[in-house]
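This is upload-v1.csv (CSV, C-alpha atoms).
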```csv
chain,number,residue,atom,x,y,z
A,1,MET,CA,112.4,49.4,99.5
A,2,PRO,CA,108.8,50.2,98.7
A,3,ASP,CA,107.8,48.1,101.8
A,4,GLN,CA,110.1,50.2,104.0
A,5,TYR,CA,108.5,53.4,102.7
A,6,ARG,CA,105.0,51.9,103.1
A,7,ASN,CA,105.8,50.9,106.7
A,8,LYS,CA,107.3,54.3,107.5
A,9,ASN,CA,104.2,56.1,106.1
A,10,LEU,CA,101.9,53.8,108.0
A,11,LEU,CA,103.8,54.5,111.2
A,12,ILE,CA,103.6,58.3,110.6
A,13,ILE,CA,99.8,58.0,109.9
A,14,VAL,CA,99.2,56.0,113.1
A,15,ILE,CA,101.3,58.2,115.4
A,16,GLY,CA,100.0,61.4,113.8
A,17,LEU,CA,96.4,60.4,114.1
A,18,ALA,CA,96.9,59.2,117.7
A,19,PHE,CA,98.5,62.6,118.6
A,20,MET,CA,95.8,64.6,116.9
A,21,PHE,CA,92.9,62.7,118.4
A,22,ALA,CA,94.6,62.9,121.9
A,23,LEU,CA,94.9,66.7,121.5
A,24,LEU,CA,91.3,67.0,120.3
A,25,TYR,CA,90.1,65.1,123.3
A,26,TYR,CA,92.3,67.4,125.6
A,27,VAL,CA,90.8,70.5,124.0
A,28,PHE,CA,87.2,69.5,123.6
A,29,GLY,CA,86.8,66.6,126.0
A,30,SER,CA,86.7,68.5,129.3
A,31,THR,CA,83.6,67.7,131.3
A,32,TYR,CA,84.2,69.9,134.3
A,33,GLU,CA,86.2,73.0,135.0
A,34,GLY,CA,85.7,75.6,137.7
A,35,ILE,CA,82.0,76.5,138.0
A,36,TYR,CA,81.1,74.9,134.7
A,37,ALA,CA,79.8,71.3,134.2
A,38,ILE,CA,77.8,69.3,131.8
A,39,ALA,CA,74.1,68.8,132.6
A,40,LYS,CA,71.0,67.4,130.8
A,41,VAL,CA,67.6,69.2,130.8
A,42,LYS,CA,65.3,66.8,132.7
A,43,ASN,CA,62.2,69.0,132.7
A,44,ILE,CA,61.3,72.5,131.5
A,45,LYS,CA,58.1,74.4,132.3
A,46,GLN,CA,57.1,78.0,131.5
A,47,ILE,CA,56.0,80.1,134.4
A,48,GLU,CA,54.4,83.6,134.3
A,49,SER,CA,56.2,86.3,132.4
A,50,VAL,CA,57.9,88.9,134.7
A,51,ASP,CA,58.0,91.7,132.1
A,52,HIS,CA,54.8,92.3,130.1
A,53,GLU,CA,56.4,95.1,128.0
A,54,THR,CA,59.2,92.9,126.6
A,55,ASN,CA,57.1,89.7,126.9
A,56,GLU,CA,60.1,88.0,128.5
A,57,LYS,CA,59.4,84.4,129.3
A,58,VAL,CA,60.6,82.6,132.4
A,59,PHE,CA,61.1,78.9,132.6
A,60,ALA,CA,61.6,76.6,135.5
A,61,VAL,CA,64.3,74.1,134.5
A,62,LYS,CA,65.3,70.9,136.2
A,63,LEU,CA,68.9,69.8,135.4
A,64,ASP,CA,70.5,66.4,135.9
A,65,PHE,CA,74.2,67.1,136.4
A,66,LEU,CA,76.4,64.7,134.5
A,67,SER,CA,79.9,65.9,135.6
A,68,GLY,CA,81.6,67.9,138.3
A,69,PRO,CA,81.1,67.8,142.1
A,70,TYR,CA,77.3,67.7,141.7
A,71,ALA,CA,77.3,64.8,139.2
A,72,GLY,CA,74.2,62.6,139.7
A,73,LYS,CA,72.2,65.3,141.4
A,74,THR,CA,69.1,67.0,140.0
A,75,MET,CA,68.7,70.8,140.7
A,76,GLU,CA,66.3,73.4,139.6
A,77,THR,CA,66.9,76.9,138.2
A,78,GLU,CA,65.2,79.7,136.3
A,79,HIS,CA,65.9,80.4,132.7
A,80,PHE,CA,64.9,83.6,130.8
A,81,GLU,CA,64.2,84.0,127.1
A,82,THR,CA,63.0,87.0,125.0
A,83,PRO,CA,60.9,86.2,121.9
A,84,GLY,CA,62.7,87.0,118.7
A,85,SER,CA,66.1,87.3,120.3
A,86,ALA,CA,69.1,85.6,118.7
A,87,TYR,CA,70.4,84.7,122.2
A,88,ASN,CA,67.5,82.3,123.0
A,89,LEU,CA,68.6,78.7,123.6
A,90,ASN,CA,65.2,77.2,123.0
A,91,LEU,CA,65.7,74.5,125.6
A,92,GLU,CA,64.0,71.2,125.2
A,93,GLU,CA,63.8,68.1,127.5
A,94,GLY,CA,66.7,65.8,126.9
A,95,GLN,CA,69.1,68.4,125.6
A,96,THR,CA,72.7,68.5,127.0
A,97,ILE,CA,73.8,71.9,128.1
A,98,LEU,CA,76.7,73.7,129.8
A,99,ALA,CA,75.5,74.5,133.3
A,100,VAL,CA,76.9,76.8,136.0
A,101,ALA,CA,77.1,75.8,139.7
A,102,GLU,CA,78.7,78.4,141.9
A,103,GLN,CA,78.8,79.0,145.7
A,104,GLN,CA,78.2,82.6,146.6
A,105,GLU,CA,77.9,83.7,150.3
A,106,GLY,CA,77.0,80.2,151.4
A,107,GLN,CA,74.3,79.8,148.7
A,108,LEU,CA,74.5,77.5,145.6
A,109,LEU,CA,73.6,79.3,142.4
A,110,ILE,CA,72.6,77.2,139.4
A,111,GLY,CA,72.2,78.5,135.9
A,112,VAL,CA,72.1,77.5,132.2
A,113,ASP,CA,75.0,78.9,130.2
A,114,GLU,CA,75.1,77.5,126.7
A,115,HIS,CA,74.3,74.5,124.6
A,116,TYR,CA,77.0,71.8,125.1
A,117,LYS,CA,78.9,71.9,121.7
A,118,SER,CA,82.3,70.5,122.5
A,119,ARG,CA,81.5,66.9,121.8
A,120,GLN,CA,80.0,67.7,118.4
A,121,LEU,CA,83.0,70.0,117.6
A,122,MET,CA,85.4,67.2,118.5
A,123,LEU,CA,83.6,64.7,116.2
A,124,LEU,CA,83.5,67.2,113.3
A,125,ALA,CA,87.2,67.9,113.6
A,126,ALA,CA,87.9,64.2,113.8
A,127,LEU,CA,85.8,63.6,110.7
A,128,ILE,CA,87.8,66.2,108.7
A,129,ILE,CA,91.1,64.6,109.8
A,130,ILE,CA,89.8,61.2,108.7
A,131,VAL,CA,88.6,62.5,105.3
A,132,ILE,CA,91.9,64.3,104.7
A,133,THR,CA,93.9,61.2,105.7
A,134,ALA,CA,91.8,59.0,103.4
A,135,LEU,CA,92.2,61.3,100.4
A,136,ALA,CA,95.8,62.5,100.9
A,137,GLY,CA,97.4,59.7,102.9
A,138,VAL,CA,100.6,60.5,104.7
A,139,ASN,CA,100.8,64.0,103.1
A,140,GLY,CA,97.5,64.9,104.6
A,141,VAL,CA,98.5,63.7,108.0
A,142,LYS,CA,101.7,65.7,107.8
A,143,ALA,CA,99.8,68.8,106.8
A,144,MET,CA,97.3,68.4,109.7
A,145,LEU,CA,100.2,67.7,112.1
A,146,ALA,CA,101.8,71.0,111.0
A,147,LEU,CA,98.6,72.8,111.7
A,148,PHE,CA,98.2,71.3,115.1
A,149,LEU,CA,101.8,72.2,116.1
A,150,THR,CA,101.2,75.7,114.7
A,151,LEU,CA,98.2,76.1,117.0
A,152,ILE,CA,100.2,74.8,120.0
A,153,ILE,CA,102.9,77.5,119.3
A,154,ILE,CA,100.4,80.3,119.1
A,155,PHE,CA,98.1,79.4,121.9
A,156,GLY,CA,100.4,77.5,124.2
A,157,ILE,CA,103.7,79.4,123.9
A,158,MET,CA,103.2,82.8,122.1
A,159,ALA,CA,100.1,83.8,124.0
A,160,ARG,CA,101.6,82.9,127.4
A,161,MET,CA,104.8,84.8,126.7
A,162,LEU,CA,102.8,87.9,125.7
A,163,LEU,CA,100.8,87.7,128.9
A,164,GLN,CA,104.0,87.5,130.9
A,165,GLY,CA,105.1,90.8,129.5
A,166,ALA,CA,107.4,89.8,126.6
A,167,ALA,CA,107.9,92.3,123.8
A,168,PRO,CA,105.1,91.4,121.2
A,169,VAL,CA,107.0,91.9,117.9
A,170,PRO,CA,110.1,89.8,118.8
A,171,VAL,CA,107.9,87.1,120.2
A,172,ALA,CA,105.8,87.1,117.0
A,173,ILE,CA,108.9,86.9,114.8
A,174,VAL,CA,110.4,84.0,116.8
A,175,SER,CA,107.1,82.2,116.8
A,176,ALA,CA,106.7,82.8,113.1
A,177,LEU,CA,110.2,81.4,112.5
A,178,ALA,CA,109.3,78.3,114.6
A,179,ILE,CA,106.1,77.8,112.7
A,180,ILE,CA,107.9,78.2,109.3
A,181,ILE,CA,110.6,75.6,110.3
A,182,ILE,CA,108.0,73.1,111.5
A,183,ASN,CA,105.7,73.5,108.6
A,184,ILE,CA,108.4,73.5,105.9
A,185,VAL,CA,110.3,70.6,107.3
A,186,ILE,CA,107.1,68.5,107.8
A,187,ILE,CA,105.7,69.3,104.4
A,188,ALA,CA,108.8,69.5,102.2
A,189,GLY,CA,111.4,67.7,104.3
A,190,ARG,CA,115.0,68.7,104.9
A,191,THR,CA,115.7,69.6,101.3
A,192,ARG,CA,116.8,72.6,99.2
A,193,LYS,CA,113.2,73.3,98.4
A,194,ALA,CA,112.4,73.6,102.1
A,195,LEU,CA,115.3,75.9,102.7
A,196,ILE,CA,114.3,78.2,99.8
A,197,ALA,CA,110.6,78.2,100.8
A,198,GLY,CA,111.6,78.9,104.4
A,199,LEU,CA,113.8,81.8,103.6
A,200,GLY,CA,111.2,83.3,101.2
A,201,THR,CA,108.5,82.9,103.8
A,202,LEU,CA,110.5,84.5,106.6
A,203,SER,CA,111.5,87.4,104.4
A,204,GLY,CA,107.9,88.1,103.3
A,205,VAL,CA,106.6,87.9,106.9
A,206,ILE,CA,109.2,90.3,108.2
A,207,LEU,CA,108.4,92.7,105.4
A,208,ALA,CA,104.7,92.4,106.2
A,209,GLY,CA,105.5,93.3,109.8
A,210,LEU,CA,107.6,96.3,108.8
A,211,PHE,CA,104.8,97.5,106.6
A,212,GLY,CA,102.3,97.1,109.4
A,213,TRP,CA,104.6,99.0,111.8
A,214,ALA,CA,105.2,101.8,109.4
A,215,ALA,CA,101.5,102.1,108.6
A,216,ALA,CA,100.6,102.1,112.3
A,217,MET,CA,103.1,104.9,113.0
A,218,ALA,CA,101.9,106.9,109.9
A,219,LEU,CA,98.2,106.5,110.7
A,220,ARG,CA,98.8,106.9,114.5
A,221,LEU,CA,97.1,103.6,115.2
A,222,THR,CA,97.0,102.8,118.9
A,223,GLY,CA,96.0,99.1,118.7
A,224,TYR,CA,92.5,99.7,120.1
A,225,SER,CA,90.8,97.7,117.4
A,226,GLY,CA,87.7,96.5,119.3
A,227,ASP,CA,86.1,95.5,122.6
A,228,GLU,CA,88.7,92.8,123.0
A,229,SER,CA,91.5,95.4,123.0
A,230,THR,CA,89.7,97.5,125.6
A,231,PHE,CA,89.0,94.5,127.8
A,232,LEU,CA,92.7,93.4,127.5
A,233,GLN,CA,93.9,96.9,128.5
A,234,ILE,CA,91.6,96.8,131.5
A,235,LEU,CA,93.0,93.5,132.6
A,236,ASP,CA,96.6,94.6,132.1
A,237,SER,CA,97.2,98.3,131.6
A,238,LYS,CA,100.9,97.7,130.6
A,239,MET,CA,99.9,95.6,127.6
A,240,ASP,CA,101.4,97.0,124.4
A,241,LEU,CA,98.4,97.0,122.1
A,242,ARG,CA,100.2,98.5,119.1
A,243,GLY,CA,102.8,95.8,119.4
A,244,ILE,CA,100.1,93.1,119.6
A,245,MET,CA,98.5,94.5,116.5
A,246,ILE,CA,101.7,94.3,114.6
A,247,SER,CA,102.3,90.7,116.0
A,248,GLY,CA,98.8,89.8,114.7
A,249,ILE,CA,99.8,91.2,111.2
A,250,ILE,CA,102.9,89.0,111.2
A,251,ILE,CA,101.0,85.8,112.2
A,252,GLY,CA,98.1,86.7,109.9
A,253,ALA,CA,100.4,87.1,106.9
A,254,LEU,CA,102.2,83.8,107.6
A,255,GLY,CA,99.9,81.4,105.9
A,256,ALA,CA,99.5,83.2,102.6
A,257,VAL,CA,103.2,84.0,102.4
A,258,MET,CA,104.2,80.4,103.1
A,259,ASP,CA,101.7,79.2,100.4
A,260,VAL,CA,103.3,81.5,97.8
A,261,ALA,CA,106.9,80.6,98.8
A,262,ILE,CA,106.3,76.9,98.7
A,263,SER,CA,104.6,77.2,95.3
A,264,ILE,CA,107.4,79.1,93.8
A,265,ALA,CA,110.2,76.9,95.3
A,266,SER,CA,108.4,73.7,94.2
A,267,SER,CA,107.7,75.0,90.7
A,268,LEU,CA,111.2,76.2,90.0
A,269,LEU,CA,112.6,72.9,91.3
A,270,GLU,CA,110.6,71.0,88.6
A,271,ILE,CA,111.7,73.5,86.0
A,272,SER,CA,115.3,73.2,86.9
A,273,LEU,CA,115.2,69.5,86.8
A,274,ALA,CA,113.5,69.5,83.4
A,275,ASN,CA,115.9,72.1,82.0
A,276,PRO,CA,119.3,71.6,83.7
A,277,LEU,CA,120.9,74.1,81.4
A,278,TYR,CA,118.6,76.9,82.4
A,279,ASP,CA,120.7,79.8,83.7
A,280,ARG,CA,119.9,81.9,86.8
A,281,LYS,CA,118.2,84.6,84.8
A,282,LYS,CA,115.8,82.2,82.9
A,283,LEU,CA,114.9,80.4,86.2
A,284,PHE,CA,114.2,83.7,87.9
A,285,THR,CA,112.1,84.9,85.0
A,286,SER,CA,110.1,81.7,85.2
A,287,GLY,CA,109.6,82.2,88.9
A,288,MET,CA,108.3,85.7,88.3
A,289,ASN,CA,105.9,84.5,85.6
A,290,ILE,CA,104.5,81.9,88.0
A,291,GLY,CA,104.3,84.4,90.8
A,292,LYS,CA,102.2,86.8,88.6
A,293,ASP,CA,99.6,84.1,88.2
A,294,ILE,CA,99.6,83.3,91.9
A,295,ILE,CA,99.1,87.0,92.8
A,296,GLY,CA,95.8,87.1,90.9
A,297,SER,CA,94.2,84.3,93.0
A,298,MET,CA,95.9,85.0,96.3
A,299,VAL,CA,94.9,88.7,96.4
A,300,ASN,CA,91.2,87.6,96.1
A,301,THR,CA,91.8,84.9,98.8
A,302,LEU,CA,93.2,87.3,101.3
A,303,ILE,CA,90.7,90.1,100.8
A,304,LEU,CA,87.7,87.8,100.6
A,305,ALA,CA,88.8,86.1,103.9
A,306,TYR,CA,88.9,89.4,105.7
A,307,THR,CA,85.6,90.6,104.1
A,308,GLY,CA,83.8,87.4,105.0
A,309,ALA,CA,84.9,87.7,108.6
A,310,SER,CA,83.5,91.2,108.7
A,311,LEU,CA,80.2,90.6,106.9
A,312,THR,CA,78.0,91.3,109.9
A,313,LEU,CA,79.8,94.6,110.4
A,314,ILE,CA,79.3,95.5,106.7
A,315,LEU,CA,75.6,94.9,107.0
A,316,VAL,CA,75.4,97.1,110.1
A,317,PHE,CA,77.1,99.9,108.3
A,318,THR,CA,74.9,99.5,105.3
A,319,MET,CA,71.8,99.7,107.3
A,320,GLN,CA,72.9,102.8,109.2
A,321,ARG,CA,74.4,104.8,106.3
A,322,GLU,CA,73.3,108.1,107.8
A,323,ASP,CA,75.1,107.5,111.1
A,324,PHE,CA,78.1,105.8,109.4
A,325,PRO,CA,78.9,107.6,106.2
A,326,LEU,CA,82.0,106.5,104.2
A,327,ILE,CA,84.2,109.3,105.6
A,328,LYS,CA,83.4,108.1,109.1
A,329,ILE,CA,83.9,104.4,108.4
A,330,MET,CA,87.3,104.9,106.7
A,331,ASN,CA,88.6,106.9,109.7
A,332,MET,CA,87.5,104.5,112.5
A,333,GLU,CA,90.4,102.9,114.3
A,334,PHE,CA,89.4,99.3,114.0
A,335,ILE,CA,88.5,99.7,110.3
A,336,CYS,CA,91.9,101.3,109.6
A,337,THR,CA,93.5,98.4,111.5
A,338,GLU,CA,91.8,95.8,109.4
A,339,VAL,CA,92.7,97.6,106.2
A,340,VAL,CA,96.4,97.8,107.3
A,341,ARG,CA,96.3,94.1,108.2
A,342,SER,CA,95.0,93.2,104.7
A,343,LEU,CA,97.5,95.5,102.9
A,344,ALA,CA,100.4,94.2,105.0
A,345,GLY,CA,99.6,90.6,104.1
A,346,LEU,CA,99.5,91.5,100.5
A,347,PHE,CA,102.7,93.4,100.7
A,348,GLY,CA,104.6,90.5,102.3
A,349,MET,CA,103.0,88.0,99.9
A,350,VAL,CA,103.9,90.0,96.8
A,351,LEU,CA,107.5,90.7,97.8
A,352,ALA,CA,108.0,87.1,98.9
A,353,ILE,CA,107.6,86.1,95.2
A,354,PRO,CA,110.8,87.8,93.8
A,355,ILE,CA,112.8,87.0,96.9
A,356,THR,CA,111.9,83.3,96.7
A,357,ALA,CA,112.4,83.2,93.0
A,358,PHE,CA,115.9,84.8,93.4
A,359,ILE,CA,117.0,82.4,96.1
A,360,ALA,CA,115.7,79.5,94.1
A,361,SER,CA,117.4,80.6,90.9
A,362,VAL,CA,120.7,80.8,92.8
A,363,VAL,CA,120.5,77.6,94.7
A,364,TYR,CA,119.1,75.4,91.9
A,365,THR,CA,121.6,76.7,89.2
A,366,ARG,CA,124.5,76.1,91.6
A,367,ALA,CA,123.2,72.6,92.2
A,368,GLN,CA,122.9,71.9,88.4
A,369,HIS,CA,126.4,73.3,87.8
A,370,GLY,CA,127.8,71.1,90.5
A,371,SER,CA,126.2,68.0,88.9
A,372,SER,CA,128.7,65.6,87.3
A,373,SER,CA,126.2,64.4,84.6
A,374,PRO,CA,124.0,67.2,83.4
A,375,LYS,CA,120.9,66.2,81.5
A,376,GLN,CA,119.9,67.4,78.1
A,377,PRO,CA,117.5,70.4,78.3
A,378,VAL,CA,113.8,70.0,77.6
A,379,GLU,CA,111.9,72.8,76.0
A,380,VAL,CA,109.3,74.3,78.3
A,381,GLU,CA,106.6,76.7,77.1
```
Rewrite the structure from the file as structure tokens, please.
Amino acid sequence: MPDQYRNKNLLIIVIGLAFMFALLYYVFGSTYEGIYAIAKVKNIKQIESVDHETNEKVFAVKLDFLSGPYAGKTMETEHFETPGSAYNLNLEEGQTILAVAEQQEGQLLIGVDEHYKSRQLMLLAALIIIVITALAGVNGVKAMLALFLTLIIIFGIMARMLLQGAAPVPVAIVSALAIIIINIVIIAGRTRKALIAGLGTLSGVILAGLFGWAAAMALRLTGYSGDESTFLQILDSKMDLRGIMISGIIIGALGAVMDVAISIASSLLEISLANPLYDRKKLFTSGMNIGKDIIGSMVNTLILAYTGASLTLILVFTMQREDFPLIKIMNMEFICTEVVRSLAGLFGMVLAIPITAFIASVVYTRAQHGSSSPKQPVEVE
């Protein structure tokens, strides 16, 4: 029997790694698309500055194209850099870059776009997958597979449906349900624990979405939360930005809520097995006590995650306190949106605790009562 499990786990690891590496190569391994191709800097030489006020430097750059229709050819272009600017590429001979080659009005235009980072990103992602597999074995592979499938649902299905005009909130709820089912089944299997965690997660996510919708209506949020929203509206004036904002709240809350629900469901399962004579009330109380400890750490996790992502903006506001006093900041549309996003995630996460604990207390006590040979209770502090 152990050999069968070992072979099954080995098969899961091999197939899972093959799938993930193939997907990584598909995402990061593209060498040519449209006007973009990979090139190597063959030679770079500074020529006279064109703007003495800004001291902008102009470089003549020779590029060896490595992919695309111009692969094998060497072409020359000009590259501009401003001393002290964070946007400078600081090109050197031998560097691999992402180049632009575009035909305009019968003339071929060549340019330098970015450092070529895809290959390094692919190697870093592969390294993380290997480390997780080495440390966690088949469970690590399952967790990474669940993550990859989640990203496929969001980027490959949900995003396309939204762009095709589907209602954002229903699409987000269905996508969240699919993500919950995939993650719970892969991580916890087809068990009572998985069912309890799934129901708790779905309830918490829906409550987070309802909180976000109510807050958006009360605060009259339009969904214009940044340059991306404006650009999206320009591309498609019919896009429901408020609905997309609420959809983002639902998807954003999913990870934290799922973490809490699985923790509660798993903990109560162990308690019920150790104490088969525990009644529903005792099991529910244990779940709430565990949940209180989880809240303390998860609240910090959520808030620090959002704060870390906005650190650059926080520094800008701090440097320009006269132009952006606190009363101005707390009434800006995108700031209010981020605050609502954080509060909605907390709301769904906190309410998922009693919901999951209640469902678990009902399911586990029924299972214990239906057992033909109950075990003797074990005292738990």
Between atom CA of Gly296 of chain A and atom CA of Ile249 of chain A, what is the spacing in Å?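 Here the two named atoms are 21.1 Å from each other.
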So, counting all atoms listed in the file, which residue among A:Ala136, A:Met122, A:Leu326, A:Ala101 is closest to Ala22 of chain A?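 Under the stated criterion, the closest residue is A:Met122.
These residues, each with an atom at most 9 Å from (98.1, 97.1, 107.1) using all atoms listed in the file, are Ala208, Gly209, Phe211, Gly212, Trp213, Ala214, Ala215, Ala216, Ile246, Ile249, Cys336, Thr337, Glu338, Val339, Val340, Arg341, Ser342, Leu343, Ala344, Gly345, Leu346 and Phe347 of chain A.
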Distance table requested - segment 275-373 of chain A against segment 177-196 of chain A, cut-off 8 Å, all atoms listed in the file: one row per qualifying residue with the closest atom pair and its distance in Å to one decimal, ordered by chain and rising residue number, as a tab-separated table.
```
residue	atom	partner	partner_atom	distance
A:Thr356	CA	A:Ile196	CA	6.4
A:Ile359	CA	A:Ile196	CA	6.2
A:Ala360	CA	A:Ile196	CA	6.0
A:Val363	CA	A:Arg192	CA	7.7
```
Counting all atoms listed in the file, the residue of A:Ile271, A:Met330, A:Ile353, A:Leu66 that sits nearest Met298 of chain A: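 Of the candidates, the smallest distance to Met298 of chain A is held by A:Ile353.
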Residue neighbourhood Val174 of chain A, 12 Å, only C-alpha atoms, exclusion window fewer than 4 positions, as a list in words: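 So the residues in contact are Ile153, Ile154, Ile157, Met158, Met161, Ala166, Ala167, Pro168, Val169, Pro170, Ala178, Ile179, Ile180, Ile181, Leu202, Val205, Ile206, Ser247, Ile250 and Ile251 of chain A.
If you look at atom CA of Tyr278 of chain A and atom CA of Thr365 of chain A, they are 7.4 Å away from each other.
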Give as a compact mmCIF listing (two decimals) with C-alpha atoms, in the coordinates of the input each residue that has an atom at most 12 Å from (93.9, 70.1, 123.0) in the file, counting only C-alpha atoms.
```txt
# COMPACT_ATOMS: atom_id res chain seq x y z
CA PHE A 19 98.50 62.60 118.60
CA MET A 20 95.80 64.60 116.90
CA PHE A 21 92.90 62.70 118.40
CA ALA A 22 94.60 62.90 121.90
CA LEU A 23 94.90 66.70 121.50
CA LEU A 24 91.30 67.00 120.30
CA TYR A 25 90.10 65.10 123.30
CA TYR A 26 92.30 67.40 125.60
CA VAL A 27 90.80 70.50 124.00
CA PHE A 28 87.20 69.50 123.60
CA GLY A 29 86.80 66.60 126.00
CA SER A 30 86.70 68.50 129.30
CA SER A 118 82.30 70.50 122.50
CA MET A 122 85.40 67.20 118.50
CA ALA A 125 87.20 67.90 113.60
CA PHE A 148 98.20 71.30 115.10
CA LEU A 149 101.80 72.20 116.10
CA LEU A 151 98.20 76.10 117.00
CA ILE A 152 100.20 74.80 120.00
CA PHE A 155 98.10 79.40 121.90
CA GLY A 156 100.40 77.50 124.20
```
If we count only C-alpha atoms, what is near Lys238 of chain A at a cut-off of 12 Å, once residues fewer than 2 positions away on the same chain are taken out, given as a PyMOL selection string? chain A and resi 162-167+232-236+240-244
Tell me which of A:Arg160, A:Arg6, A:Ile173, A:His79 sits closest to Glu114 of chain A, counting only C-alpha atoms.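 Ranked by minimum distance to Glu114 of chain A, first place goes to A:His79.
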Please define a box with edges along x, y and z of the file around all atoms of segment 259-277 of chain A given in the file, extend it by 4 Å on each side, and return its centre and edge lengths in Å to one decimal, as lines of an AutoDock Vina configuration file.
```
center_x = 111.3
center_y = 75.5
center_z = 90.9
size_x = 27.2
size_y = 20.0
size_z = 27.0
```
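Distance-wise, atom CA of Leu10 of chain A and atom CA of Leu123 of chain A end up 22.8 Å apart.
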For Leu91 of chain A, which residue out of A:Leu277, A:Ala60, A:Ile329, A:Met144 is the nearest one, using all atoms listed in the file?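 Nearest to Leu91 of chain A: A:Ala60.
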Name all residues at most 9 Å from Gly226 of chain A (count all atoms listed in the file; drop same-chain ones fewer than 4 positions away) and give them as an MDAnalysis selection string. chainID A and resid 230:231 333:334
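If you measure from each of A:Ala305, A:Leu108, A:Ala99, A:Ala261 to Gly198 of chain A using only C-alpha atoms, the closest one turns out to be A:Ala261.
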A:Arg321, A:Arg119, A:Lys281, A:Lys328: which is nearest Tyr364 of chain A, counting only C-alpha atoms?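 Closest residue, counting only C-alpha atoms: A:Lys281.
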Exercise: Phe358 of chain A partners within 9 Å, all atoms listed in the file, chain neighbours under 6 positions left out, as a ChimeraX atom specification: /A:280-281,283-284,287
Coords for segment 310-342 of chain A, C-alpha atoms, as a tab-separated table (two decimals), in the first residue's frame:
```tsv
chain	number	residue	atom	x	y	z
A	310	SER	CA	1.10	51.67	-1.88
A	311	LEU	CA	4.41	52.59	-0.24
A	312	THR	CA	5.52	54.81	-3.14
A	313	LEU	CA	2.24	56.73	-3.01
A	314	ILE	CA	2.56	57.13	0.77
A	315	LEU	CA	6.00	58.71	0.32
A	316	VAL	CA	4.66	61.11	-2.32
A	317	PHE	CA	1.86	62.25	-0.01
A	318	THR	CA	4.30	62.64	2.88
A	319	MET	CA	6.65	64.78	0.80
A	320	GLN	CA	3.80	67.02	-0.39
A	321	ARG	CA	1.81	67.46	2.81
A	322	GLU	CA	0.80	71.02	1.90
A	323	ASP	CA	-0.75	69.97	-1.41
A	324	PHE	CA	-2.19	66.75	0.02
A	325	PRO	CA	-3.45	67.31	3.57
A	326	LEU	CA	-5.18	64.42	5.31
A	327	ILE	CA	-8.67	65.76	4.55
A	328	LYS	CA	-7.82	65.77	0.83
A	329	ILE	CA	-6.23	62.32	0.85
A	330	MET	CA	-9.11	60.61	2.64
A	331	ASN	CA	-11.62	61.98	0.13
A	332	MET	CA	-9.74	61.01	-3.03
A	333	GLU	CA	-11.57	58.42	-5.12
A	334	PHE	CA	-8.75	55.90	-5.43
A	335	ILE	CA	-7.79	56.17	-1.76
A	336	CYS	CA	-11.39	55.51	-0.72
A	337	THR	CA	-11.47	52.56	-3.12
A	338	GLU	CA	-8.37	51.01	-1.55
A	339	VAL	CA	-9.73	51.57	1.97
A	340	VAL	CA	-13.03	49.91	0.99
A	341	ARG	CA	-11.10	47.03	-0.59
A	342	SER	CA	-9.19	46.45	2.65
```
